[in-house]
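Structure file work-v5.cif with mmCIF, C-alpha atoms:
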```
data_model
#
loop_
_atom_site.label_atom_id
_atom_site.label_comp_id
_atom_site.auth_asym_id
_atom_site.auth_seq_id
_atom_site.Cartn_x
_atom_site.Cartn_y
_atom_site.Cartn_z
CA MET A 1 -9.13 -13.76 -38.22
CA LYS A 2 -6.19 -15.66 -36.84
CA GLN A 3 -3.87 -12.81 -37.91
CA MET A 4 -6.05 -10.31 -36.04
CA ASN A 5 -5.73 -12.39 -32.88
CA TYR A 6 -1.97 -12.40 -33.13
CA LYS A 7 -1.98 -8.63 -33.66
CA SER A 8 -4.19 -7.92 -30.65
CA PHE A 9 -2.21 -10.33 -28.51
CA SER A 10 1.01 -8.58 -29.57
CA ILE A 11 -0.34 -5.14 -28.58
CA ALA A 12 -1.37 -6.45 -25.16
CA CYS A 13 2.04 -8.07 -24.72
CA ILE A 14 3.80 -4.80 -25.55
CA VAL A 15 1.76 -2.92 -22.90
CA PHE A 16 2.41 -5.62 -20.29
CA ILE A 17 6.10 -5.91 -21.08
CA PHE A 18 6.49 -2.12 -20.98
CA ILE A 19 4.93 -1.84 -17.51
CA ASN A 20 6.74 -4.86 -16.07
CA SER A 21 10.17 -4.19 -17.54
CA PHE A 22 10.00 -0.56 -16.42
CA ALA A 23 9.25 -1.80 -12.91
CA ILE A 24 12.08 -4.32 -12.86
CA SER A 25 14.60 -1.84 -14.30
CA CYS A 26 13.83 0.52 -11.43
CA LYS A 27 14.97 -1.99 -8.82
CA LYS A 28 18.42 -0.94 -7.73
CA GLU A 29 20.06 -2.35 -4.67
CA LYS A 30 22.71 -0.55 -2.72
CA LYS A 31 25.72 -2.81 -2.46
CA ILE A 32 28.16 -1.74 0.20
CA GLU A 33 31.51 -3.51 0.35
CA ILE A 34 32.63 -3.85 3.96
CA VAL A 35 36.42 -3.77 4.52
CA GLU A 36 38.64 -4.42 7.54
CA PRO A 37 39.08 -1.34 9.77
CA THR A 38 42.39 0.54 9.38
CA VAL A 39 43.79 3.87 10.54
CA ASN A 40 42.31 5.36 7.37
CA LEU A 41 38.80 4.12 8.13
CA ALA A 42 37.37 2.67 11.33
CA ILE A 43 34.49 2.92 13.81
CA ASP A 44 35.95 2.96 17.32
CA SER A 45 32.61 2.80 19.07
CA ILE A 46 28.94 3.66 18.89
CA VAL A 47 27.58 5.30 22.01
CA ALA A 48 23.97 6.14 22.91
CA THR A 49 22.88 8.55 25.63
CA LYS A 50 20.56 5.72 26.83
CA THR A 51 20.06 2.15 25.60
CA ASN A 52 16.74 1.49 27.40
CA ILE A 53 14.02 3.98 26.51
CA VAL A 54 10.26 4.30 26.49
CA VAL A 55 8.07 4.93 23.45
CA TRP A 56 8.65 8.43 21.96
CA GLU A 57 11.68 9.09 24.17
CA LYS A 58 14.44 10.67 22.10
CA ILE A 59 18.12 9.82 22.46
CA LYS A 60 21.34 10.74 20.67
CA ILE A 61 23.51 8.01 19.15
CA THR A 62 27.06 8.92 18.15
CA ALA A 63 29.63 7.03 16.09
CA TYR A 64 33.27 7.71 17.07
CA THR A 65 35.38 7.14 13.99
CA LYS A 66 38.78 7.38 12.32
CA GLY A 67 39.32 8.64 8.80
CA GLN A 68 38.72 11.60 6.54
CA ASN A 69 35.93 12.58 4.13
CA LEU A 70 33.57 10.22 5.91
CA LYS A 71 30.00 9.57 4.79
CA TYR A 72 27.52 8.15 7.31
CA LEU A 73 24.53 5.88 6.70
CA TRP A 74 22.36 5.04 9.71
CA GLN A 75 19.82 2.21 9.62
CA ALA A 76 17.38 0.92 12.26
CA ASP A 77 15.31 -2.25 11.96
CA HIS A 78 12.61 -0.54 14.06
CA GLY A 79 12.33 3.13 14.98
CA SER A 80 12.94 6.52 13.40
CA MET A 81 16.12 8.56 13.07
CA VAL A 82 17.10 12.03 11.99
CA GLY A 83 20.69 12.15 10.82
CA LYS A 84 21.50 15.27 8.79
CA ASP A 85 24.58 13.46 7.38
CA SER A 86 26.50 13.45 10.59
CA SER A 87 28.16 11.20 13.12
CA THR A 88 25.24 11.76 15.52
CA VAL A 89 21.58 10.87 15.02
CA THR A 90 18.46 11.46 17.07
CA TYR A 91 16.60 8.15 17.57
CA TRP A 92 13.14 7.32 18.91
CA GLY A 93 10.66 4.48 18.69
CA CYS A 94 6.89 4.55 18.23
CA TYR A 95 4.39 2.04 19.67
CA SER A 96 5.04 -0.53 16.93
CA CYS A 97 8.80 -0.36 17.62
CA THR A 98 8.84 -1.90 21.09
CA GLY A 99 11.50 -4.55 21.65
CA ALA A 100 15.27 -4.87 21.26
CA ASN A 101 16.07 -2.88 18.13
CA THR A 102 19.29 -2.79 16.14
CA VAL A 103 20.78 0.49 14.95
CA LYS A 104 23.50 0.08 12.34
CA CYS A 105 26.01 2.71 11.29
CA THR A 106 27.95 2.32 8.04
CA VAL A 107 30.84 4.73 7.47
CA SER A 108 32.42 5.09 4.04
CA ASN A 109 35.25 6.95 2.33
CA ASP A 110 37.74 6.26 -0.48
CA TYR A 111 39.13 3.26 1.46
CA GLY A 112 35.77 1.44 1.53
CA SER A 113 33.10 0.99 4.21
CA VAL A 114 33.01 -0.22 7.79
CA MET A 115 30.01 -0.82 9.99
CA ASP A 116 29.01 -1.40 13.60
CA THR A 117 25.74 -1.83 15.49
CA ILE A 118 24.18 -0.94 18.82
CA LYS A 119 21.06 -2.39 20.51
CA ILE A 120 18.41 0.02 21.78
CA THR A 121 15.49 -1.41 23.74
CA VAL A 122 12.17 0.42 23.45
CA LYS A 123 9.51 -0.35 26.10
CA MET B 1 -13.38 -16.97 11.52
CA LYS B 2 -16.49 -16.92 13.73
CA ASN B 3 -15.13 -13.79 15.34
CA ALA B 4 -14.61 -12.19 11.92
CA VAL B 5 -18.23 -12.88 10.91
CA ALA B 6 -19.51 -11.59 14.25
CA TYR B 7 -17.38 -8.47 13.88
CA LEU B 8 -18.70 -7.90 10.34
CA ILE B 9 -22.30 -7.97 11.56
CA PHE B 10 -21.32 -5.68 14.41
CA SER B 11 -19.58 -3.29 11.99
CA ILE B 12 -22.54 -3.09 9.60
CA PHE B 13 -24.66 -2.19 12.63
CA PHE B 14 -22.13 0.52 13.49
CA LEU B 15 -22.37 1.96 9.97
CA PHE B 16 -25.68 3.42 10.97
CA ILE B 17 -24.90 4.72 14.43
CA GLU B 18 -21.27 5.88 14.29
CA SER B 19 -21.20 9.58 13.55
CA GLU B 20 -17.46 10.16 13.37
CA ALA B 21 -15.47 9.16 10.30
CA TYR B 22 -12.02 7.61 10.70
CA SER B 23 -9.55 6.47 8.12
CA GLN B 24 -6.43 4.46 7.44
CA CYS B 25 -2.95 5.84 7.96
CA CYS B 26 0.14 5.60 5.78
CA SER B 27 1.48 2.11 5.46
CA ALA B 28 4.11 0.40 3.36
CA GLY B 29 3.16 -0.72 -0.11
CA ASN B 30 0.60 0.20 -2.72
CA PRO B 31 -2.75 1.59 -1.74
CA VAL B 32 -5.80 -0.21 -3.14
CA SER B 33 -6.60 1.01 -6.62
CA GLY B 34 -9.04 0.14 -9.39
CA ASP B 35 -12.74 0.84 -9.49
CA GLY B 36 -13.35 -2.16 -7.26
CA GLN B 37 -15.91 -3.79 -9.52
CA GLN B 38 -13.41 -6.25 -11.07
CA LYS B 39 -15.85 -7.31 -13.81
CA SER B 40 -14.06 -9.47 -16.33
CA ILE B 41 -13.43 -8.17 -19.85
CA ASN B 42 -13.95 -10.03 -23.10
CA LYS B 43 -11.40 -11.84 -25.23
CA ASN B 44 -8.89 -9.53 -26.94
CA GLN B 45 -10.03 -6.48 -24.99
CA LEU B 46 -7.44 -4.36 -23.25
CA ARG B 47 -8.42 -2.07 -20.40
CA ILE B 48 -6.03 0.69 -19.37
CA TYR B 49 -6.69 2.41 -16.07
CA TRP B 50 -4.74 5.35 -14.69
CA SER B 51 -5.47 6.63 -11.19
CA PHE B 52 -4.24 9.07 -8.56
CA LYS B 53 -4.77 8.82 -4.81
CA HIS B 54 -4.18 11.34 -2.03
CA ASN B 55 -4.18 10.40 1.64
CA TYR B 56 -3.69 12.58 4.72
CA SER B 57 -3.29 11.33 8.31
CA ASP B 58 -2.90 13.32 11.50
CA GLN B 59 -4.59 11.44 14.33
CA TYR B 60 -3.40 8.76 16.70
CA PHE B 61 -5.84 6.21 18.09
CA PHE B 62 -5.76 3.83 21.01
CA LYS B 63 -8.14 1.02 20.08
CA ASN B 64 -11.15 3.06 18.87
CA LYS B 65 -10.45 6.33 20.69
CA LYS B 66 -8.42 9.38 19.71
CA GLU B 67 -5.33 10.24 21.71
CA ASP B 68 -2.90 13.13 21.68
CA ILE B 69 0.62 12.41 20.41
CA PRO B 70 2.53 15.69 20.15
CA PHE B 71 5.51 14.35 18.16
CA ILE B 72 3.81 13.55 14.87
CA ASP B 73 2.19 16.40 12.95
CA ASN B 74 0.92 14.51 9.95
CA SER B 75 1.57 11.73 7.46
CA ARG B 76 0.49 11.76 3.82
CA PHE B 77 1.01 10.28 0.38
CA ASN B 78 0.30 11.09 -3.27
CA TYR B 79 0.28 7.95 -5.41
CA SER B 80 -0.40 7.38 -9.08
CA SER B 81 -0.75 4.00 -10.81
CA LEU B 82 -1.20 2.47 -14.24
CA GLN B 83 -3.13 -0.78 -14.61
CA ALA B 84 -3.58 -2.88 -17.75
CA THR B 85 -6.02 -5.80 -18.03
CA TYR B 86 -6.15 -8.08 -21.07
CA GLY B 87 -8.78 -10.66 -22.03
CA VAL B 88 -6.72 -13.68 -23.03
CA SER B 89 -9.89 -15.69 -23.61
CA LYS B 90 -13.59 -15.34 -22.88
CA LYS B 91 -13.00 -16.63 -19.38
CA TRP B 92 -9.42 -15.71 -18.58
CA ASN B 93 -7.99 -12.22 -17.92
CA ILE B 94 -4.52 -11.13 -16.86
CA GLN B 95 -3.76 -7.84 -15.17
CA THR B 96 -0.64 -5.91 -14.27
CA GLU B 97 -0.28 -2.77 -12.19
CA LEU B 98 2.54 -0.44 -11.27
CA GLY B 99 2.46 2.80 -9.30
CA TYR B 100 4.66 5.66 -8.19
CA PHE B 101 4.65 7.55 -4.89
CA PHE B 102 5.33 11.21 -5.67
CA ASP B 103 5.39 11.97 -1.99
CA LYS B 104 5.16 9.59 0.95
CA SER B 105 6.06 11.70 3.92
CA GLN B 106 5.68 12.40 7.60
CA THR B 107 6.20 15.64 9.52
CA VAL B 108 7.53 15.22 13.07
CA GLU B 109 8.46 17.61 15.87
CA ILE B 110 11.76 16.71 17.57
CA PRO B 111 11.10 19.47 18.83
CA GLU B 112 11.88 21.42 15.64
CA LYS B 113 9.83 20.39 12.60
CA TYR B 114 11.39 17.76 10.35
CA VAL B 115 9.89 16.17 7.24
CA PHE B 116 10.72 12.57 6.36
CA LYS B 117 10.10 12.15 2.65
CA GLY B 118 10.01 8.94 0.65
CA PHE B 119 9.19 8.64 -3.05
CA GLY B 120 9.48 6.18 -5.91
CA ILE B 121 8.08 3.05 -7.52
CA GLY B 122 5.82 0.85 -5.40
CA ASP B 123 5.23 -2.90 -5.81
CA LEU B 124 4.45 -4.54 -9.15
CA GLY B 125 1.12 -6.38 -9.17
CA ILE B 126 0.37 -9.26 -11.53
CA THR B 127 -3.03 -10.94 -11.30
CA THR B 128 -4.85 -13.59 -13.25
CA LYS B 129 -8.64 -13.85 -13.19
CA TYR B 130 -10.89 -16.69 -14.26
CA GLN B 131 -14.61 -16.50 -14.89
CA ILE B 132 -15.99 -19.41 -12.89
CA LEU B 133 -19.65 -18.84 -13.69
CA SER B 134 -21.57 -16.66 -16.13
CA LEU B 135 -25.37 -16.47 -16.41
CA ILE B 136 -27.53 -14.55 -18.87
CA LYS B 137 -30.70 -14.53 -16.73
CA PRO B 138 -30.11 -12.88 -14.34
CA GLN B 139 -27.02 -11.36 -15.98
CA SER B 140 -24.36 -12.27 -13.47
CA GLU B 141 -20.86 -13.65 -13.16
CA LEU B 142 -18.51 -15.12 -10.59
CA VAL B 143 -14.79 -14.47 -11.06
CA GLY B 144 -11.89 -15.93 -9.11
CA SER B 145 -8.44 -14.35 -8.97
CA PHE B 146 -4.89 -15.14 -7.96
CA GLY B 147 -2.18 -12.50 -7.82
CA VAL B 148 1.31 -11.64 -6.68
CA LYS B 149 2.89 -8.33 -5.69
CA ILE B 150 6.59 -8.13 -6.37
CA PRO B 151 8.67 -5.59 -4.40
CA VAL B 152 10.39 -3.92 -7.35
CA GLY B 153 10.59 -0.48 -5.72
CA LYS B 154 13.10 0.85 -3.24
CA PHE B 155 13.03 -0.43 0.31
CA ASP B 156 16.29 1.09 1.51
CA GLN B 157 15.61 4.75 0.85
CA ASP B 158 17.49 7.12 3.15
CA MET B 159 17.36 10.82 3.83
CA ASP B 160 20.18 12.96 5.19
CA GLY B 161 22.19 9.81 5.93
CA ALA B 162 19.47 7.99 7.91
CA MET B 163 17.20 5.30 6.52
CA LEU B 164 13.49 6.11 6.36
CA PRO B 165 11.11 4.09 8.58
CA ILE B 166 9.41 1.06 6.94
CA SER B 167 6.07 2.86 6.67
CA LEU B 168 7.59 5.58 4.46
CA GLN B 169 9.44 3.29 2.06
CA PRO B 170 7.74 3.19 -1.37
CA SER B 171 7.96 -0.61 -1.56
CA THR B 172 6.86 -3.20 1.01
CA GLY B 173 10.10 -5.14 0.49
CA ALA B 174 8.10 -8.40 0.65
CA MET B 175 6.44 -10.73 -1.84
CA LYS B 176 2.68 -10.82 -1.40
CA TYR B 177 0.20 -13.40 -2.67
CA ASN B 178 -3.52 -12.83 -2.94
CA ILE B 179 -6.72 -14.62 -3.88
CA GLY B 180 -10.13 -13.11 -4.55
CA LEU B 181 -13.68 -14.01 -5.45
CA TYR B 182 -15.85 -11.41 -7.24
CA TYR B 183 -19.57 -11.61 -7.92
CA SER B 184 -21.54 -9.18 -10.09
CA ARG B 185 -25.15 -9.00 -11.13
CA VAL B 186 -26.91 -6.56 -13.47
CA ASN B 187 -30.65 -6.05 -13.04
CA LEU B 188 -33.03 -6.51 -15.96
CA ASN B 189 -33.79 -2.80 -16.33
CA ASN B 190 -30.01 -2.18 -16.50
CA LYS B 191 -30.32 0.65 -13.98
CA TRP B 192 -28.87 -1.25 -11.05
CA SER B 193 -25.84 -3.48 -10.75
CA PHE B 194 -24.69 -5.24 -7.61
CA TYR B 195 -21.20 -6.39 -6.78
CA SER B 196 -19.44 -8.12 -3.95
CA PHE B 197 -16.00 -9.49 -3.35
CA LEU B 198 -13.91 -11.49 -0.90
CA PHE B 199 -10.17 -10.88 -0.93
CA ALA B 200 -7.25 -12.24 1.10
CA GLU B 201 -3.54 -11.39 0.95
CA TYR B 202 -0.61 -13.21 2.49
CA SER B 203 2.74 -11.50 2.92
CA SER B 204 6.07 -13.29 3.02
CA LEU B 205 9.01 -12.19 5.13
CA ILE B 206 10.72 -8.96 4.02
CA GLN B 207 13.67 -9.79 1.76
CA SER B 208 16.50 -8.16 3.70
CA ASP B 209 19.52 -9.31 5.67
CA PHE B 210 18.99 -6.50 8.16
CA PHE B 211 15.25 -6.79 8.81
CA TYR B 212 13.18 -9.59 10.20
CA TYR B 213 9.68 -8.35 9.56
CA LYS B 214 6.49 -9.91 8.29
CA TYR B 215 3.35 -7.93 7.55
CA GLY B 216 0.10 -9.36 8.87
CA ASN B 217 -2.36 -11.05 6.56
CA TYR B 218 -5.09 -8.90 5.06
CA TYR B 219 -8.72 -9.82 4.43
CA SER B 220 -11.54 -7.76 2.98
CA LEU B 221 -15.18 -8.20 2.12
CA ALA B 222 -17.22 -5.66 0.16
CA LEU B 223 -20.78 -5.18 -1.00
CA PHE B 224 -21.77 -2.42 -3.39
CA GLY B 225 -24.42 -1.13 -5.71
CA LYS B 226 -24.06 0.84 -8.95
CA TYR B 227 -26.91 3.01 -10.21
CA LYS B 228 -27.19 4.42 -13.72
CA LEU B 229 -28.17 8.05 -13.12
CA THR B 230 -28.17 9.17 -16.76
CA ASN B 231 -26.83 7.68 -19.99
CA ARG B 232 -23.36 8.87 -19.06
CA ILE B 233 -23.29 9.11 -15.27
CA TYR B 234 -23.19 6.23 -12.78
CA THR B 235 -23.02 6.40 -8.99
CA VAL B 236 -21.58 3.64 -6.83
CA LEU B 237 -21.75 3.09 -3.09
CA GLN B 238 -19.44 0.53 -1.56
CA LEU B 239 -19.40 -0.85 1.98
CA ARG B 240 -16.16 -2.61 2.78
CA GLN B 241 -14.82 -4.41 5.80
CA GLU B 242 -11.07 -4.84 6.18
CA PHE B 243 -9.12 -6.99 8.65
CA TRP B 244 -5.38 -6.75 9.17
CA ASP B 245 -3.57 -9.32 11.31
CA LYS B 246 -0.69 -8.24 13.52
CA ASP B 247 2.80 -7.91 11.99
CA LYS B 248 5.61 -10.11 13.28
CA ARG B 249 9.26 -9.44 14.12
CA GLU B 250 12.14 -11.68 15.32
CA ASN B 251 11.18 -15.08 16.75
CA ASP B 252 7.72 -14.63 15.20
CA GLU B 253 6.87 -12.20 17.97
CA LYS B 254 3.60 -10.39 17.23
CA ILE B 255 3.85 -6.60 17.28
CA GLU B 256 1.17 -5.29 19.58
CA SER B 257 0.44 -1.95 17.90
CA THR B 258 -0.26 -3.34 14.43
CA GLY B 259 -3.37 -4.82 12.84
CA SER B 260 -6.85 -3.36 12.67
CA LYS B 261 -10.48 -3.83 11.78
CA VAL B 262 -11.95 -1.06 9.64
CA THR B 263 -15.35 -0.48 8.08
CA TYR B 264 -15.31 1.76 5.01
CA MET B 265 -17.92 3.54 2.97
CA ALA B 266 -16.68 4.45 -0.50
CA PRO B 267 -18.95 6.64 -2.62
CA GLN B 268 -17.92 6.80 -6.26
CA ILE B 269 -19.02 8.62 -9.40
CA LEU B 270 -18.34 7.37 -12.89
CA TYR B 271 -18.68 9.57 -15.99
CA ASN B 272 -18.64 8.19 -19.52
CA PHE B 273 -17.29 11.21 -21.41
CA TYR B 274 -16.39 9.81 -24.85
CA GLU B 275 -17.12 6.41 -26.38
CA SER B 276 -15.52 3.98 -23.94
CA TRP B 277 -13.63 6.55 -21.87
CA TYR B 278 -14.64 6.76 -18.21
CA LEU B 279 -13.69 9.29 -15.59
CA LEU B 280 -13.92 8.13 -11.99
CA ALA B 281 -13.77 9.86 -8.60
CA GLN B 282 -13.91 8.07 -5.25
CA ALA B 283 -13.59 8.84 -1.56
CA ASP B 284 -12.73 6.21 1.05
CA VAL B 285 -14.44 7.14 4.28
CA PRO B 286 -13.69 4.84 7.20
CA LEU B 287 -16.82 4.80 9.32
CA TYR B 288 -15.53 2.75 12.18
CA LYS B 289 -12.01 1.80 13.08
CA TYR B 290 -10.59 -0.44 15.76
CA VAL B 291 -6.80 -0.62 15.93
CA ASN B 292 -4.68 -2.92 18.09
CA GLY B 293 -2.78 -0.83 20.62
CA HIS B 294 -1.81 2.67 19.45
CA GLN B 295 -1.71 3.57 15.76
CA LEU B 296 -1.76 6.57 13.46
CA THR B 297 -5.05 6.98 11.63
CA ASN B 298 -5.94 9.44 8.92
CA LYS B 299 -8.31 12.25 8.19
CA TYR B 300 -9.29 11.79 4.56
CA SER B 301 -8.37 10.16 1.28
CA PHE B 302 -9.68 10.56 -2.23
CA SER B 303 -8.81 9.23 -5.65
CA PHE B 304 -9.66 9.90 -9.25
CA GLY B 305 -8.81 8.13 -12.46
CA VAL B 306 -9.63 7.46 -16.07
CA HIS B 307 -10.08 4.15 -17.85
CA LYS B 308 -10.66 3.00 -21.38
CA THR B 309 -11.39 -0.43 -22.77
CA LEU B 310 -9.97 -1.10 -26.21
CA ASN B 311 -11.38 -3.82 -28.37
CA LEU B 312 -8.31 -4.92 -30.25
CA HIS B 313 -10.40 -6.58 -32.99
CA LYS B 314 -12.17 -3.41 -33.99
CA LYS B 315 -11.30 0.27 -33.74
CA SER B 316 -12.49 0.65 -30.14
CA SER B 317 -15.55 -0.17 -28.10
CA GLU B 318 -16.54 -0.88 -24.53
#
```

When written as structure tokens, how does the structure in this file appear?
Amino acid sequence: MKQMNYKSFSIACIVFIFINSFAISCKKEKKIEIVEPTVNLAIDSIVATKTNIVVWEKIKITAYTKGQNLKYLWQADHGSMVGKDSSTVTYWGCYSCTGANTVKCTVSNDYGSVMDTIKITVK
Amino acid sequence: MKNAVAYLIFSIFFLFIESEAYSQCCSAGNPVSGDGQQKSINKNQLRIYWSFKHNYSDQYFFKNKKEDIPFIDNSRFNYSSLQATYGVSKKWNIQTELGYFFDKSQTVEIPEKYVFKGFGIGDLGITTKYQILSLIKPQSELVGSFGVKIPVGKFDQDMDGAMLPISLQPSTGAMKYNIGLYYSRVNLNNKWSFYSFLFAEYSSLIQSDFFYYKYGNYYSLALFGKYKLTNRIYTVLQLRQEFWDKDKRENDEKIESTGSKVTYMAPQILYNFYESWYLLAQADVPLYKYVNGHQLTNKYSFSFGVHKTLNLHKKSSE
């Protein structure tokens, strides 16, 4: 009887461990190493067509950069963006995005990654 | 709390007079799964439950009224989950759940159509349940639960070089802690069963150096009845009230257009097709919805699933 309990407990453990370890193994974090700007890689400035907008108003944000074979990653703490892998994104904020929002641009190539931010206020 | 009770009474009243059905929109994290009854299982039993849920949203609301927002066409998700519950002892069960979003997307017009698409593993749920009270006459039980949701899925998913909005990320990015109290009672003729539960979930701050965001607390209360139609078919009708507090951003500032109060009706059908195999189909129909500020609400959602309880002592039984 005791052996049966161990067996059933083992089966349950296997199912639980399978589900949980699969979940944990799927967690992958992007680690970006930020380097000092050089002539090979730098963000000169980030410019938005407007920095104070109303809900649903769309603006363009552009990163002016130095370097070749650049890859862009745009992030916003609040708001939506369409990038299409370029130096310019279209940004807008919905009703739950009102406030002073941060838009971050990370630019990478073989020399590493650099980043800069811009504040966009949505009212 | 007084307001919550008053609103609940008000909502139940509205169940009978509100003719238009509303629903919940896409939000970060796992949708509610399970058959909702949360009856405990016996020692050394293992219950496996697989489910699939589809949700479609295309309407904006201001408080409890529709409004026209031309920029968003629709928002939808297809989510599948696997849940395992094990009876450690007669009174104590543990449960784990993991799901995958095949498609968590939103179509916008900017002015050309563009589809944001997120996908991937959601949050990992681990819950422990304890049978506080069990009576033979009337056959009833009271179960308490404590659980955590761990953000194992991606929260930094990007598309075409731009990060997806929070609501389209497969994971919430935040640890969540929940407690629940479940009561069930089976009538003597075994035709009717009645269930109810109280559930509350607290979310911690999102674990990110870029975000400062905290989801609002969530509370729900449900009452439902299960009727044995034939030897193999059961029907269930659930009435559920949900409350979401407002989310917070920097400096603990409450975000105006978050948080809601929703009354759901969830009809369900359960089919016992082979020994202890059950097939389940459910629709969640929000009957009345009040949102803070302006929020996206949905049109419909449905789910189906299959569960089996294995008795690990014997070959298999319910």

Set the distance at 6 Å and use only C-alpha atoms: which residues neighbour range 138-155 of chain B once local chain neighbours fewer than 3 positions away are removed? I'd like the list as an NGL selection string. (:A and (24 or 27)) or (:B and (121-135 or 169 or 171 or 173-186))

Writer output for current selection, C-alpha atoms, as a PDB file, in the frame of the given file:
```
ATOM      1  CA  ILE A  24      12.080  -4.320 -12.860  1.00  0.00           C
ATOM      2  CA  LYS A  27      14.970  -1.990  -8.820  1.00  0.00           C
TER       3      LYS A  27
ATOM      4  CA  ILE B 121       8.080   3.050  -7.520  1.00  0.00           C
ATOM      5  CA  GLY B 122       5.820   0.850  -5.400  1.00  0.00           C
ATOM      6  CA  ASP B 123       5.230  -2.900  -5.810  1.00  0.00           C
ATOM      7  CA  LEU B 124       4.450  -4.540  -9.150  1.00  0.00           C
ATOM      8  CA  GLY B 125       1.120  -6.380  -9.170  1.00  0.00           C
ATOM      9  CA  ILE B 126       0.370  -9.260 -11.530  1.00  0.00           C
ATOM     10  CA  THR B 127      -3.030 -10.940 -11.300  1.00  0.00           C
ATOM     11  CA  THR B 128      -4.850 -13.590 -13.250  1.00  0.00           C
ATOM     12  CA  LYS B 129      -8.640 -13.850 -13.190  1.00  0.00           C
ATOM     13  CA  TYR B 130     -10.890 -16.690 -14.260  1.00  0.00           C
ATOM     14  CA  GLN B 131     -14.610 -16.500 -14.890  1.00  0.00           C
ATOM     15  CA  ILE B 132     -15.990 -19.410 -12.890  1.00  0.00           C
ATOM     16  CA  LEU B 133     -19.650 -18.840 -13.690  1.00  0.00           C
ATOM     17  CA  SER B 134     -21.570 -16.660 -16.130  1.00  0.00           C
ATOM     18  CA  LEU B 135     -25.370 -16.470 -16.410  1.00  0.00           C
ATOM     19  CA  GLN B 169       9.440   3.290   2.060  1.00  0.00           C
ATOM     20  CA  SER B 171       7.960  -0.610  -1.560  1.00  0.00           C
ATOM     21  CA  GLY B 173      10.100  -5.140   0.490  1.00  0.00           C
ATOM     22  CA  ALA B 174       8.100  -8.400   0.650  1.00  0.00           C
ATOM     23  CA  MET B 175       6.440 -10.730  -1.840  1.00  0.00           C
ATOM     24  CA  LYS B 176       2.680 -10.820  -1.400  1.00  0.00           C
ATOM     25  CA  TYR B 177       0.200 -13.400  -2.670  1.00  0.00           C
ATOM     26  CA  ASN B 178      -3.520 -12.830  -2.940  1.00  0.00           C
ATOM     27  CA  ILE B 179      -6.720 -14.620  -3.880  1.00  0.00           C
ATOM     28  CA  GLY B 180     -10.130 -13.110  -4.550  1.00  0.00           C
ATOM     29  CA  LEU B 181     -13.680 -14.010  -5.450  1.00  0.00           C
ATOM     30  CA  TYR B 182     -15.850 -11.410  -7.240  1.00  0.00           C
ATOM     31  CA  TYR B 183     -19.570 -11.610  -7.920  1.00  0.00           C
ATOM     32  CA  SER B 184     -21.540  -9.180 -10.090  1.00  0.00           C
ATOM     33  CA  ARG B 185     -25.150  -9.000 -11.130  1.00  0.00           C
ATOM     34  CA  VAL B 186     -26.910  -6.560 -13.470  1.00  0.00           C
TER      35      VAL B 186
END
```

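Here CA of Met159 in chain B stands at a distance of 26.7 Å from CA of Ser203 in chain B.
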
Output as a PyMOL selection string the set of chain B residues within 9 Å of chain A, with distances taken over all atoms listed in the file. chain B and resi 44-46+71+82-86+88+95-99+110+114+116+121-124+126+151-156+158-166+210-213+255-258+293-295+311-313

Show me, as a PDB file with C-alpha atoms, in the coordinates of the input, the residues that have an atom within 7 Å of range 214-220 of chain B when counting all atoms listed in the file, minus same-chain residues fewer than 4 positions from it.
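After the write, result_38.pdb holds the following:
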```pdb
ATOM      1  CA  LEU B 198     -13.910 -11.490  -0.900  1.00  0.00           C
ATOM      2  CA  PHE B 199     -10.170 -10.880  -0.930  1.00  0.00           C
ATOM      3  CA  ALA B 200      -7.250 -12.240   1.100  1.00  0.00           C
ATOM      4  CA  GLU B 201      -3.540 -11.390   0.950  1.00  0.00           C
ATOM      5  CA  TYR B 202      -0.610 -13.210   2.490  1.00  0.00           C
ATOM      6  CA  SER B 203       2.740 -11.500   2.920  1.00  0.00           C
ATOM      7  CA  SER B 204       6.070 -13.290   3.020  1.00  0.00           C
ATOM      8  CA  LEU B 205       9.010 -12.190   5.130  1.00  0.00           C
ATOM      9  CA  ILE B 206      10.720  -8.960   4.020  1.00  0.00           C
ATOM     10  CA  ARG B 240     -16.160  -2.610   2.780  1.00  0.00           C
ATOM     11  CA  GLN B 241     -14.820  -4.410   5.800  1.00  0.00           C
ATOM     12  CA  GLU B 242     -11.070  -4.840   6.180  1.00  0.00           C
ATOM     13  CA  PHE B 243      -9.120  -6.990   8.650  1.00  0.00           C
ATOM     14  CA  TRP B 244      -5.380  -6.750   9.170  1.00  0.00           C
ATOM     15  CA  ASP B 245      -3.570  -9.320  11.310  1.00  0.00           C
ATOM     16  CA  LYS B 246      -0.690  -8.240  13.520  1.00  0.00           C
ATOM     17  CA  ASP B 247       2.800  -7.910  11.990  1.00  0.00           C
ATOM     18  CA  LYS B 248       5.610 -10.110  13.280  1.00  0.00           C
ATOM     19  CA  ARG B 249       9.260  -9.440  14.120  1.00  0.00           C
ATOM     20  CA  GLY B 259      -3.370  -4.820  12.840  1.00  0.00           C
TER      21      GLY B 259
END
```

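Neighbours of Thr49 in chain A closer than or equal to 9 Å, with only C-alpha atoms counted and sequence neighbours fewer than 5 positions away skipped, come out as Ile59, Lys60, Ile61 and Thr62 of chain A.
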
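One distance worth recording is that between CA of Glu67 in chain B and CA of Val55 in chain A, which is 14.5 Å.
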
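As for CA of Phe52 in chain B and CA of Tyr290 in chain B, they are spaced 26.9 Å apart.
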
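The environment of range 72-77 of chain B within 9 Å, counting all atoms listed in the file and disregarding residues fewer than 4 places along the same chain, consists of Cys25, Cys26, Lys53, His54, Asn55, Tyr56, Ser57, Asp58, Gln59, Tyr60, Phe101, Phe102, Asp103, Lys104, Ser105, Gln106, Thr107, Val108, Glu109, Ile110, Lys113, Leu296 and Asn298 of chain B.
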